[in-house]
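Chemist: One file is attached below, upload35.txt, containing compact mmCIF, C-alpha atoms and all ligand atoms.
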# COMPACT_ATOMS: atom_id res chain seq x y z
CA MET N 30 -3.39 5.18 -17.10
CA SER N 31 -5.62 4.82 -14.01
CA ASP N 32 -8.28 3.37 -16.32
CA LEU N 33 -6.13 0.22 -16.35
CA GLU N 34 -8.10 -2.63 -14.75
CA ILE N 35 -6.01 -4.82 -12.50
CA GLY N 36 -6.41 -8.33 -11.13
CA VAL N 37 -4.59 -9.74 -8.10
CA LEU N 38 -4.30 -13.52 -7.79
CA GLY N 39 -4.25 -14.60 -4.14
CA ALA N 40 -5.82 -12.67 -1.24
CA GLY N 41 -3.32 -13.53 1.51
CA VAL N 42 -1.01 -11.22 3.44
CA MET N 43 0.45 -9.70 0.26
CA GLY N 44 -2.35 -10.03 -2.28
CA SER N 45 -4.93 -8.29 -0.09
CA GLY N 46 -2.57 -5.43 0.77
CA ILE N 47 -1.45 -5.03 -2.85
CA ALA N 48 -5.08 -4.99 -4.01
CA GLN N 49 -5.86 -2.28 -1.45
CA SER N 50 -2.82 -0.19 -2.49
CA LEU N 51 -3.83 -0.39 -6.15
CA ALA N 52 -7.43 0.60 -5.34
CA GLN N 53 -6.16 3.55 -3.28
CA ALA N 54 -4.06 4.60 -6.30
CA GLY N 55 -7.25 4.83 -8.36
CA TYR N 56 -7.36 1.45 -10.13
CA GLN N 57 -10.35 -0.86 -10.42
CA VAL N 58 -9.13 -4.03 -8.72
CA VAL N 59 -10.47 -7.54 -8.41
CA CYS N 60 -8.63 -10.02 -6.17
CA SER N 61 -9.29 -13.77 -6.19
CA ASP N 62 -8.60 -16.63 -3.83
CA PRO N 63 -10.06 -20.15 -3.78
CA ASP N 64 -10.11 -20.06 0.05
CA GLU N 65 -13.28 -18.44 1.42
CA GLY N 66 -11.57 -17.84 4.77
CA ALA N 67 -8.77 -15.92 3.05
CA LEU N 68 -11.33 -13.81 1.18
CA GLU N 69 -13.12 -13.04 4.43
CA ARG N 70 -9.85 -12.02 6.17
CA ALA N 71 -8.88 -9.92 3.15
CA ARG N 72 -12.20 -8.04 3.18
CA ARG N 73 -11.85 -7.43 6.93
CA ASN N 74 -8.18 -6.42 6.85
CA THR N 75 -8.45 -4.07 3.89
CA GLN N 76 -11.33 -2.32 5.61
CA ALA N 77 -10.64 -2.44 9.36
CA GLY N 78 -7.20 -4.04 9.77
CA ARG N 79 -4.07 -2.34 11.03
CA TYR N 80 -3.22 -1.07 7.52
CA GLY N 81 -6.81 -0.98 6.27
CA LEU N 82 -8.75 1.97 4.92
CA GLU N 83 -10.47 2.89 8.19
CA ARG N 84 -7.18 3.17 10.10
CA ALA N 85 -5.69 5.21 7.25
CA VAL N 86 -8.56 7.66 7.71
CA ALA N 87 -8.16 7.63 11.50
CA ARG N 88 -4.43 8.41 11.13
CA GLY N 89 -5.17 11.26 8.72
CA LYS N 90 -3.47 9.54 5.75
CA LEU N 91 -6.66 9.36 3.72
CA ASP N 92 -9.82 11.43 3.76
CA PRO N 93 -13.09 9.56 4.29
CA ALA N 94 -14.32 10.15 0.72
CA GLU N 95 -11.04 8.75 -0.72
CA ALA N 96 -11.36 5.68 1.49
CA GLU N 97 -14.94 5.15 0.36
CA ASP N 98 -13.93 5.48 -3.30
CA ALA N 99 -11.03 3.05 -2.84
CA ALA N 100 -13.35 0.52 -1.16
CA ALA N 101 -15.78 0.86 -4.08
CA ARG N 102 -12.95 0.09 -6.54
CA LEU N 103 -11.89 -3.07 -4.66
CA ARG N 104 -13.66 -6.40 -5.07
CA PHE N 105 -12.88 -9.91 -3.82
CA THR N 106 -13.98 -13.09 -5.58
CA SER N 107 -13.35 -16.82 -5.67
CA GLN N 108 -13.29 -16.73 -9.50
CA MET N 109 -9.80 -16.65 -11.03
CA GLU N 110 -11.38 -15.93 -14.45
CA GLU N 111 -12.37 -12.46 -13.26
CA VAL N 112 -8.75 -11.69 -12.40
CA ALA N 113 -7.49 -13.12 -15.69
CA ALA N 114 -9.88 -10.82 -17.60
CA ARG N 115 -7.97 -7.71 -16.44
CA GLN N 116 -5.23 -5.88 -18.38
CA LEU N 117 -2.61 -6.36 -15.68
CA VAL N 118 -2.48 -9.31 -13.27
CA VAL N 119 -0.30 -9.40 -10.15
CA GLU N 120 0.22 -12.99 -8.99
CA CYS N 121 0.47 -13.40 -5.18
CA VAL N 122 -0.02 -17.13 -4.55
CA PRO N 123 2.25 -18.98 -2.06
CA GLU N 124 5.98 -19.17 -2.78
CA ARG N 125 6.07 -22.54 -4.57
CA LEU N 126 7.58 -22.63 -8.03
CA ASP N 127 5.37 -25.50 -9.27
CA LEU N 128 2.23 -23.61 -8.19
CA LYS N 129 3.39 -20.33 -9.74
CA ILE N 130 4.26 -22.04 -13.04
CA ARG N 131 0.79 -23.62 -13.09
CA MET N 132 -0.79 -20.22 -12.35
CA PHE N 133 1.13 -18.56 -15.18
CA ARG N 134 0.10 -21.33 -17.58
CA ASP N 135 -3.56 -20.87 -16.54
CA LEU N 136 -3.39 -17.06 -16.70
CA ASP N 137 -1.80 -17.24 -20.15
CA ARG N 138 -4.67 -19.45 -21.34
CA LEU N 139 -7.42 -17.35 -19.75
CA SER N 140 -6.15 -13.79 -20.38
CA ALA N 141 -6.32 -11.60 -23.47
CA PRO N 142 -3.04 -11.75 -25.45
CA ASP N 143 -2.00 -8.24 -24.41
CA THR N 144 -2.54 -8.74 -20.66
CA ILE N 145 0.61 -8.17 -18.60
CA LEU N 146 1.38 -10.93 -16.09
CA ALA N 147 3.43 -9.80 -13.08
CA SER N 148 4.62 -11.94 -10.18
CA ASN N 149 5.19 -10.86 -6.59
CA THR N 150 7.46 -13.87 -6.04
CA SER N 151 10.07 -13.22 -3.37
CA GLY N 152 12.76 -14.52 -5.65
CA PHE N 153 11.99 -17.28 -8.15
CA PRO N 154 13.44 -16.61 -11.61
CA ILE N 155 10.94 -14.66 -13.68
CA SER N 156 12.26 -16.42 -16.79
CA ALA N 157 10.86 -19.71 -15.40
CA LEU N 158 7.39 -18.13 -15.18
CA ALA N 159 7.72 -16.46 -18.58
CA ALA N 160 8.62 -19.84 -20.12
CA ALA N 161 5.24 -21.21 -18.99
CA THR N 162 3.49 -18.67 -21.26
CA ASP N 163 3.29 -17.73 -24.91
CA ARG N 164 3.84 -14.06 -23.99
CA PRO N 165 7.29 -13.80 -22.38
CA GLU N 166 7.51 -10.14 -23.44
CA ARG N 167 4.55 -9.41 -21.14
CA VAL N 168 5.86 -11.28 -18.10
CA ILE N 169 7.67 -9.34 -15.36
CA GLY N 170 8.56 -9.49 -11.67
CA TRP N 171 7.01 -6.89 -9.38
CA HIS N 172 8.28 -7.57 -5.89
CA TRP N 173 6.51 -5.71 -3.07
CA ALA N 174 7.44 -5.64 0.62
CA SER N 175 5.18 -6.23 3.61
CA PRO N 176 3.00 -4.43 4.53
CA PRO N 177 2.37 -3.45 0.90
CA GLN N 178 0.20 -0.47 1.88
CA VAL N 179 3.21 1.10 3.63
CA MET N 180 6.51 -0.14 2.21
CA ARG N 181 7.87 1.69 -0.82
CA LEU N 182 9.67 -1.26 -2.39
CA ALA N 183 8.93 -1.85 -6.07
CA GLU N 184 11.67 -4.22 -7.24
CA ILE N 185 10.84 -4.57 -10.93
CA VAL N 186 12.49 -7.66 -12.41
CA VAL N 187 12.97 -7.88 -16.17
CA THR N 188 14.11 -10.87 -18.19
CA GLN N 189 15.89 -10.64 -21.54
CA GLU N 190 12.48 -10.96 -23.16
CA THR N 191 10.44 -8.48 -21.09
CA SER N 192 9.44 -5.64 -23.40
CA PRO N 193 10.18 -1.99 -22.57
CA ALA N 194 6.43 -1.27 -22.83
CA THR N 195 5.68 -3.89 -20.16
CA ARG N 196 8.41 -2.49 -17.92
CA ASP N 197 7.23 1.10 -18.37
CA THR N 198 3.57 0.25 -17.66
CA VAL N 199 4.39 -1.56 -14.43
CA CYS N 200 6.81 1.18 -13.28
CA GLU N 201 4.11 3.78 -13.90
CA VAL N 202 1.51 1.83 -11.90
CA ALA N 203 4.04 1.37 -9.08
CA ARG N 204 4.76 5.11 -9.01
CA ARG N 205 1.04 5.85 -8.83
CA CYS N 206 0.91 3.59 -5.79
CA GLY N 207 3.54 5.83 -4.19
CA LYS N 208 6.33 3.28 -4.61
CA THR N 209 9.87 3.75 -5.89
CA PRO N 210 10.37 1.40 -8.84
CA VAL N 211 13.90 0.10 -9.32
CA VAL N 212 14.43 -2.11 -12.37
CA VAL N 213 16.78 -5.05 -11.88
CA ARG N 214 17.79 -7.96 -14.09
CA ASP N 215 16.44 -11.46 -13.60
CA HIS N 216 19.04 -14.09 -12.73
CA PRO N 217 17.88 -17.58 -13.73
CA MET N 218 20.23 -19.35 -11.29
CA ALA N 219 19.75 -17.32 -8.10
CA TRP N 220 16.80 -16.90 -5.72
CA GLY N 221 16.00 -13.49 -4.25
CA PHE N 222 16.68 -10.79 -6.88
CA VAL N 223 18.53 -8.01 -4.97
CA ALA N 224 16.65 -7.14 -1.76
CA ASN N 225 16.10 -10.71 -0.56
CA ARG N 226 19.58 -11.93 -1.54
CA ILE N 227 21.19 -9.24 0.59
CA TYR N 228 18.62 -9.70 3.37
CA GLY N 229 19.24 -13.49 3.28
CA ALA N 230 22.99 -13.01 3.66
CA MET N 231 22.40 -10.82 6.72
CA LEU N 232 19.99 -13.34 8.20
CA ARG N 233 22.45 -16.24 7.77
CA GLU N 234 25.09 -14.24 9.63
CA ALA N 235 22.61 -13.32 12.39
CA ALA N 236 21.71 -17.02 12.82
CA GLN N 237 25.41 -17.93 13.05
CA VAL N 238 25.91 -15.34 15.80
CA VAL N 239 23.06 -16.93 17.80
CA ASP N 240 24.26 -20.50 17.10
CA ALA N 241 27.72 -19.57 18.37
CA GLY N 242 26.19 -18.39 21.66
CA ILE N 243 27.38 -14.83 21.15
CA ALA N 244 23.93 -13.21 21.58
CA SER N 245 20.25 -14.19 21.75
CA HIS N 246 17.64 -13.53 19.05
CA ALA N 247 16.26 -10.63 21.11
CA GLU N 248 19.72 -9.15 21.65
CA VAL N 249 20.56 -9.33 17.94
CA ASN N 250 17.24 -7.64 17.12
CA GLN N 251 17.92 -4.85 19.62
CA LEU N 252 21.51 -4.28 18.49
CA MET N 253 20.57 -3.98 14.83
CA MET N 254 17.76 -1.53 15.58
CA ASP N 255 20.05 0.61 17.69
CA ALA N 256 23.00 0.41 15.30
CA PHE N 257 21.22 1.09 12.00
CA ARG N 258 17.84 2.55 13.00
CA TRP N 259 16.04 -0.46 11.52
CA PRO N 260 12.38 -0.49 12.58
CA VAL N 261 12.75 -4.10 13.77
CA GLY N 262 15.66 -6.53 14.02
CA PRO N 263 16.39 -9.34 11.52
CA PHE N 264 14.50 -12.10 13.37
CA ALA N 265 11.48 -9.88 14.07
CA MET N 266 11.47 -9.02 10.36
CA VAL N 267 10.96 -12.69 9.48
CA GLU N 268 8.07 -12.98 11.96
CA GLY N 269 6.39 -9.85 10.61
CA ALA N 270 6.76 -10.92 7.00
CA THR N 271 5.24 -14.34 7.57
CA GLN N 272 2.53 -13.34 10.06
CA GLY N 273 1.53 -10.07 8.45
CA TRP N 274 2.50 -7.50 11.12
CA ASN N 275 -0.65 -8.13 13.21
CA GLN N 276 -2.93 -7.20 10.38
CA ASP N 277 -6.14 -8.10 12.14
CA SER N 278 -8.02 -5.36 13.86
N1 LIG N 301 4.83 -12.08 3.24
C1 LIG N 301 5.78 -11.29 2.79
O1 LIG N 301 6.42 -10.52 3.53
C2 LIG N 301 6.11 -11.24 1.34
C3 LIG N 301 6.82 -10.14 0.83
C4 LIG N 301 7.07 -10.05 -0.54
C5 LIG N 301 6.66 -11.08 -1.38
N2 LIG N 301 5.99 -12.17 -0.86
C6 LIG N 301 5.55 -13.20 -1.80
O2 LIG N 301 4.16 -12.98 -2.07
C7 LIG N 301 3.55 -14.25 -2.38
C8 LIG N 301 2.36 -14.45 -1.46
O3 LIG N 301 2.82 -14.43 -0.12
P1 LIG N 301 1.83 -14.18 1.11
O4 LIG N 301 2.69 -13.89 2.27
O5 LIG N 301 0.77 -13.23 0.71
O6 LIG N 301 1.21 -15.65 1.27
P2 LIG N 301 -0.19 -16.05 1.92
O7 LIG N 301 -0.08 -17.50 2.23
O8 LIG N 301 -0.58 -15.09 2.99
O9 LIG N 301 -1.23 -15.86 0.72
C9 LIG N 301 -1.27 -16.67 -0.42
C10 LIG N 301 -2.72 -16.80 -0.84
O10 LIG N 301 -2.76 -17.44 -2.12
C11 LIG N 301 -3.93 -18.21 -2.12
N3 LIG N 301 -3.91 -19.19 -3.21
C12 LIG N 301 -3.44 -20.45 -3.22
N4 LIG N 301 -3.68 -21.01 -4.43
C13 LIG N 301 -4.31 -20.06 -5.18
C14 LIG N 301 -4.84 -20.03 -6.49
N5 LIG N 301 -4.77 -21.11 -7.28
N6 LIG N 301 -5.43 -18.90 -6.94
C15 LIG N 301 -5.53 -17.81 -6.13
N7 LIG N 301 -5.06 -17.80 -4.86
C16 LIG N 301 -4.45 -18.90 -4.39
C17 LIG N 301 -3.98 -18.84 -0.73
O11 LIG N 301 -5.29 -19.32 -0.42
C18 LIG N 301 -3.54 -17.67 0.13
O12 LIG N 301 -4.66 -16.93 0.61
C19 LIG N 301 4.64 -15.29 -2.23
O13 LIG N 301 5.23 -15.54 -3.47
C20 LIG N 301 5.63 -14.62 -1.28
O14 LIG N 301 6.95 -15.13 -1.40
C21 LIG N 301 5.69 -12.25 0.46
In structure tokens, what does this structure look like?

Modeler:
Amino acid sequence: MSDLEIGVLGAGVMGSGIAQSLAQAGYQVVCSDPDEGALERARRNTQAGRYGLERAVARGKLDPAEAEDAAARLRFTSQMEEVAARQLVVECVPERLDLKIRMFRDLDRLSAPDTILASNTSGFPISALAAATDRPERVIGWHWASPPQVMRLAEIVVTQETSPATRDTVCEVARRCGKTPVVVRDHPMAWGFVANRIYGAMLREAAQVVDAGIASHAEVNQLMMDAFRWPVGPFAMVEGATQGWNQDS
């Protein structure tokens, strides 16, 4: 299935890392963004950033020929049409439901009828995106974690209409990227699927501890790392997710 051609919509923190992961897994990938600055950062980060191909070679995770091949399979463009022309599209635009619905409407219009449309939304109902298309059976959630090149999360979100073939294709691509797909059910009334709902509950409690003057942000971070061997504490996790874990080289 590595002859599947994949498009990634949005070249920000997630889109660029997802595009790189897919190229490393052997897929031909094109990633679009209307912002030239974002495209420039994406090209730089996927090549020479903290999780880019050059560092992967330097750390012995990738041999130089593999990195060169992955770079050759990865292309960035300002043209959304090039992404829509692929057989699988992973949408990674900012977390705004109105924007994502518009993107799904546009992708549905521009793509071939059998193209699978996946969203990396952090938690909007996939059924709301599917309803913007005439192909709800080919719409699915594929939630990655940051940095996508490293984290194994593949939270695969199916609606009542997502077809088994769509689910199986996306799970197979995720496995080829070295991820661990877990299929969960969409919930039209709740934001966050599973991982972010549980993470959100923990974060609310952490904020209440700070508000009550029991401990500082830094102390909460330290305690949670020491107690549960988390790589960073809850507040540091939010900073990393939004700022991209110091991606720039
Ligand atoms: N950052 C995280 O830790 C994380 C983790 C999992 C999921 N997500 C989700 O991934 C999605 C993207 O998040 P991000 O952190 O990469 O955001 P980001 O702001 O870094 O990147 C979004 C990119 O989308 C681009 N964009 C805007 N309109 C577009 C359009 N019409 N076509 C193509 N590109 C367009 C922007 O220019 C920007 O470069 C969001 O839904 C977010 O909730 C984020």

Chemist: May I ask for the distance between CA of Ala147 in chain N and atom C11 of ligand LIG 301 (chain N), given in Å to one decimal place?

Modeler: 15.7 Å

Chemist: Any idea what the distance is between atom C8 of ligand LIG 301 (chain N) and CA of Thr271 in chain N?

Modeler: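 According to the coordinates, atom C8 of ligand LIG 301 (chain N) and CA of Thr271 in chain N are separated by 9.5 Å.
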
Chemist: Restricting the calculation to all atoms listed in the file: of N:Ser245, N:Gln57, N:Asn74, N:Ser151, which residue gets closest to ligand LIG 301 (chain N)?

Modeler: N:Ser151

Chemist: 9 Å from ligand LIG 301 (chain N) is the threshold here; counting all atoms listed in the file, which polymer residues fall inside it? Answer as a PDB file with C-alpha atoms, in the coordinates of the input.

Modeler:
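Once written, pocket_24.pdb looks like this:
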ATOM      1  CA  VAL N  37      -4.590  -9.740  -8.100  1.00  0.00           C
ATOM      2  CA  LEU N  38      -4.300 -13.520  -7.790  1.00  0.00           C
ATOM      3  CA  GLY N  39      -4.250 -14.600  -4.140  1.00  0.00           C
ATOM      4  CA  ALA N  40      -5.820 -12.670  -1.240  1.00  0.00           C
ATOM      5  CA  GLY N  41      -3.320 -13.530   1.510  1.00  0.00           C
ATOM      6  CA  VAL N  42      -1.010 -11.220   3.440  1.00  0.00           C
ATOM      7  CA  MET N  43       0.450  -9.700   0.260  1.00  0.00           C
ATOM      8  CA  GLY N  44      -2.350 -10.030  -2.280  1.00  0.00           C
ATOM      9  CA  SER N  45      -4.930  -8.290  -0.090  1.00  0.00           C
ATOM     10  CA  GLY N  46      -2.570  -5.430   0.770  1.00  0.00           C
ATOM     11  CA  CYS N  60      -8.630 -10.020  -6.170  1.00  0.00           C
ATOM     12  CA  SER N  61      -9.290 -13.770  -6.190  1.00  0.00           C
ATOM     13  CA  ASP N  62      -8.600 -16.630  -3.830  1.00  0.00           C
ATOM     14  CA  PRO N  63     -10.060 -20.150  -3.780  1.00  0.00           C
ATOM     15  CA  ASP N  64     -10.110 -20.060   0.050  1.00  0.00           C
ATOM     16  CA  GLU N  65     -13.280 -18.440   1.420  1.00  0.00           C
ATOM     17  CA  GLY N  66     -11.570 -17.840   4.770  1.00  0.00           C
ATOM     18  CA  ALA N  67      -8.770 -15.920   3.050  1.00  0.00           C
ATOM     19  CA  LEU N  68     -11.330 -13.810   1.180  1.00  0.00           C
ATOM     20  CA  ALA N  71      -8.880  -9.920   3.150  1.00  0.00           C
ATOM     21  CA  SER N 107     -13.350 -16.820  -5.670  1.00  0.00           C
ATOM     22  CA  GLN N 108     -13.290 -16.730  -9.500  1.00  0.00           C
ATOM     23  CA  MET N 109      -9.800 -16.650 -11.030  1.00  0.00           C
ATOM     24  CA  GLU N 120       0.220 -12.990  -8.990  1.00  0.00           C
ATOM     25  CA  CYS N 121       0.470 -13.400  -5.180  1.00  0.00           C
ATOM     26  CA  VAL N 122      -0.020 -17.130  -4.550  1.00  0.00           C
ATOM     27  CA  PRO N 123       2.250 -18.980  -2.060  1.00  0.00           C
ATOM     28  CA  GLU N 124       5.980 -19.170  -2.780  1.00  0.00           C
ATOM     29  CA  ARG N 125       6.070 -22.540  -4.570  1.00  0.00           C
ATOM     30  CA  LEU N 126       7.580 -22.630  -8.030  1.00  0.00           C
ATOM     31  CA  LEU N 128       2.230 -23.610  -8.190  1.00  0.00           C
ATOM     32  CA  LYS N 129       3.390 -20.330  -9.740  1.00  0.00           C
ATOM     33  CA  ARG N 131       0.790 -23.620 -13.090  1.00  0.00           C
ATOM     34  CA  MET N 132      -0.790 -20.220 -12.350  1.00  0.00           C
ATOM     35  CA  SER N 148       4.620 -11.940 -10.180  1.00  0.00           C
ATOM     36  CA  ASN N 149       5.190 -10.860  -6.590  1.00  0.00           C
ATOM     37  CA  THR N 150       7.460 -13.870  -6.040  1.00  0.00           C
ATOM     38  CA  SER N 151      10.070 -13.220  -3.370  1.00  0.00           C
ATOM     39  CA  GLY N 152      12.760 -14.520  -5.650  1.00  0.00           C
ATOM     40  CA  PHE N 153      11.990 -17.280  -8.150  1.00  0.00           C
ATOM     41  CA  HIS N 172       8.280  -7.570  -5.890  1.00  0.00           C
ATOM     42  CA  TRP N 173       6.510  -5.710  -3.070  1.00  0.00           C
ATOM     43  CA  ALA N 174       7.440  -5.640   0.620  1.00  0.00           C
ATOM     44  CA  SER N 175       5.180  -6.230   3.610  1.00  0.00           C
ATOM     45  CA  PRO N 176       3.000  -4.430   4.530  1.00  0.00           C
ATOM     46  CA  PRO N 177       2.370  -3.450   0.900  1.00  0.00           C
ATOM     47  CA  MET N 266      11.470  -9.020  10.360  1.00  0.00           C
ATOM     48  CA  VAL N 267      10.960 -12.690   9.480  1.00  0.00           C
ATOM     49  CA  GLU N 268       8.070 -12.980  11.960  1.00  0.00           C
ATOM     50  CA  GLY N 269       6.390  -9.850  10.610  1.00  0.00           C
ATOM     51  CA  ALA N 270       6.760 -10.920   7.000  1.00  0.00           C
ATOM     52  CA  THR N 271       5.240 -14.340   7.570  1.00  0.00           C
ATOM     53  CA  GLN N 272       2.530 -13.340  10.060  1.00  0.00           C
ATOM     54  CA  GLY N 273       1.530 -10.070   8.450  1.00  0.00           C
TER      55      GLY N 273
END

Chemist: Could you check the closest approach to Val179 in chain N for each of N:Gly81, N:Arg73, N:Gly262, N:Ala101 and tell me which residue wins, using only C-alpha atoms?

Modeler: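 When distances to Val179 in chain N are compared using only C-alpha atoms, the smallest one comes from N:Gly81.
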
Chemist: Using all atoms listed in the file, determine which residues lie at most 9 Å from Arg205 in chain N, disregarding the query and same-chain residues fewer than 4 positions distant; provide the list as a PDB file with C-alpha atoms, in the frame of the given file.

Modeler:
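selection19.pdb was written with the following content:
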ATOM      1  CA  SER N  31      -5.620   4.820 -14.010  1.00  0.00           C
ATOM      2  CA  LEU N  51      -3.830  -0.390  -6.150  1.00  0.00           C
ATOM      3  CA  ALA N  54      -4.060   4.600  -6.300  1.00  0.00           C
ATOM      4  CA  GLY N  55      -7.250   4.830  -8.360  1.00  0.00           C
ATOM      5  CA  CYS N 200       6.810   1.180 -13.280  1.00  0.00           C
ATOM      6  CA  GLU N 201       4.110   3.780 -13.900  1.00  0.00           C
TER       7      GLU N 201
END

Chemist: Which value, in Å to one decimal, gives the distance between CA of Val187 in chain N and CA of Gly170 in chain N?

Modeler: 6.5 Å

Chemist: Which residue is closest to Val168 in chain N? Choose from N:Leu139, N:Glu184, N:Val119, N:Gly89 and count all atoms listed in the file.

Modeler: N:Val119

Chemist: Which one of N:Glu248, N:Glu34, N:Asp255, N:Asp215 sits closest to Leu103 in chain N if you count only C-alpha atoms?

Modeler: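 Counting only C-alpha atoms, the residue closest to Leu103 in chain N is N:Glu34.
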
Chemist: Could you check the closest approach to Asp127 in chain N for each of N:Ala100, N:Leu158, N:Tyr56, N:Thr106 and tell me which residue wins, using all atoms listed in the file?

Modeler: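 Of all the options, N:Leu158 lies closest to Asp127 in chain N.
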
Chemist: Just the residues within 9 Å of range 225-236 of chain N, please, counting all atoms listed in the file, with nothing from its chain fewer than 3 positions along; format it as a list in words.

Modeler: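 So the residues in contact are Ser151, Gly152, Ala219, Trp220, Gly221, Phe222, Val239, Asp240, Ala241, His246, Val249, Pro263 and Phe264 of chain N.
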
Chemist: For a cut-off of 7 Å around (-8.5, -12.5, -17.0), file coordinates, pick out all residues using only C-alpha atoms and list them as number ranges by chain.

Modeler: N: 110-115, 136, 139-141

Chemist: Please provide as a count of residues only all residues within 6 Å of Ala52 in chain N, with the sequence filter that same-chain residues fewer than 5 positions apart are discarded (counting all atoms listed in the file).

Modeler: 4

Chemist: Would you fill out range 202-208 of chain N with all heavy atoms and return it as a PDB file, keeping the file's coordinate frame?

Modeler:
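part_31.pdb was written with the following content:
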ATOM      1  N   VAL N 202       2.532   2.224 -12.897  1.00  0.00           N
ATOM      2  CA  VAL N 202       1.510   1.830 -11.900  1.00  0.00           C
ATOM      3  C   VAL N 202       2.141   1.862 -10.504  1.00  0.00           C
ATOM      4  O   VAL N 202       1.527   2.342  -9.547  1.00  0.00           O
ATOM      5  CB  VAL N 202       0.929   0.436 -12.234  1.00  0.00           C
ATOM      6  CG1 VAL N 202      -0.073   0.010 -11.161  1.00  0.00           C
ATOM      7  CG2 VAL N 202       0.251   0.434 -13.602  1.00  0.00           C
ATOM      8  N   ALA N 203       3.367   1.382 -10.389  1.00  0.00           N
ATOM      9  CA  ALA N 203       4.040   1.370  -9.080  1.00  0.00           C
ATOM     10  C   ALA N 203       4.205   2.797  -8.549  1.00  0.00           C
ATOM     11  O   ALA N 203       3.957   3.068  -7.370  1.00  0.00           O
ATOM     12  CB  ALA N 203       5.401   0.681  -9.196  1.00  0.00           C
ATOM     13  N   ARG N 204       4.600   3.713  -9.438  1.00  0.00           N
ATOM     14  CA  ARG N 204       4.760   5.110  -9.010  1.00  0.00           C
ATOM     15  C   ARG N 204       3.432   5.682  -8.528  1.00  0.00           C
ATOM     16  O   ARG N 204       3.369   6.392  -7.536  1.00  0.00           O
ATOM     17  CB  ARG N 204       5.328   5.966 -10.154  1.00  0.00           C
ATOM     18  CG  ARG N 204       6.855   6.033 -10.141  1.00  0.00           C
ATOM     19  CD  ARG N 204       7.387   7.070 -11.112  1.00  0.00           C
ATOM     20  NE  ARG N 204       7.185   6.638 -12.481  1.00  0.00           N
ATOM     21  CZ  ARG N 204       8.032   5.873 -13.163  1.00  0.00           C
ATOM     22  NH1 ARG N 204       9.167   5.490 -12.610  1.00  0.00           N
ATOM     23  NH2 ARG N 204       7.770   5.512 -14.398  1.00  0.00           N
ATOM     24  N   ARG N 205       2.364   5.349  -9.246  1.00  0.00           N
ATOM     25  CA  ARG N 205       1.040   5.850  -8.830  1.00  0.00           C
ATOM     26  C   ARG N 205       0.624   5.299  -7.477  1.00  0.00           C
ATOM     27  O   ARG N 205      -0.205   5.889  -6.786  1.00  0.00           O
ATOM     28  CB  ARG N 205      -0.016   5.468  -9.859  1.00  0.00           C
ATOM     29  CG  ARG N 205       0.071   6.337 -11.073  1.00  0.00           C
ATOM     30  CD  ARG N 205      -1.201   6.216 -11.872  1.00  0.00           C
ATOM     31  NE  ARG N 205      -1.095   7.028 -13.050  1.00  0.00           N
ATOM     32  CZ  ARG N 205      -2.089   7.718 -13.567  1.00  0.00           C
ATOM     33  NH1 ARG N 205      -3.280   7.674 -12.998  1.00  0.00           N
ATOM     34  NH2 ARG N 205      -1.912   8.424 -14.649  1.00  0.00           N
ATOM     35  N   CYS N 206       1.178   4.150  -7.122  1.00  0.00           N
ATOM     36  CA  CYS N 206       0.910   3.590  -5.790  1.00  0.00           C
ATOM     37  C   CYS N 206       1.814   4.223  -4.737  1.00  0.00           C
ATOM     38  O   CYS N 206       1.791   3.806  -3.575  1.00  0.00           O
ATOM     39  CB  CYS N 206       1.136   2.073  -5.802  1.00  0.00           C
ATOM     40  SG  CYS N 206      -0.059   1.155  -6.774  1.00  0.00           S
ATOM     41  N   GLY N 207       2.646   5.164  -5.138  1.00  0.00           N
ATOM     42  CA  GLY N 207       3.540   5.830  -4.190  1.00  0.00           C
ATOM     43  C   GLY N 207       4.813   5.053  -3.931  1.00  0.00           C
ATOM     44  O   GLY N 207       5.524   5.318  -2.959  1.00  0.00           O
ATOM     45  N   LYS N 208       5.124   4.082  -4.800  1.00  0.00           N
ATOM     46  CA  LYS N 208       6.330   3.280  -4.610  1.00  0.00           C
ATOM     47  C   LYS N 208       7.484   3.848  -5.429  1.00  0.00           C
ATOM     48  O   LYS N 208       7.301   4.748  -6.255  1.00  0.00           O
ATOM     49  CB  LYS N 208       6.067   1.817  -5.027  1.00  0.00           C
ATOM     50  CG  LYS N 208       4.801   1.210  -4.426  1.00  0.00           C
ATOM     51  CD  LYS N 208       4.762   1.293  -2.911  1.00  0.00           C
ATOM     52  CE  LYS N 208       3.475   0.706  -2.357  1.00  0.00           C
ATOM     53  NZ  LYS N 208       3.269   1.039  -0.936  1.00  0.00           N
TER      54      LYS N 208
END
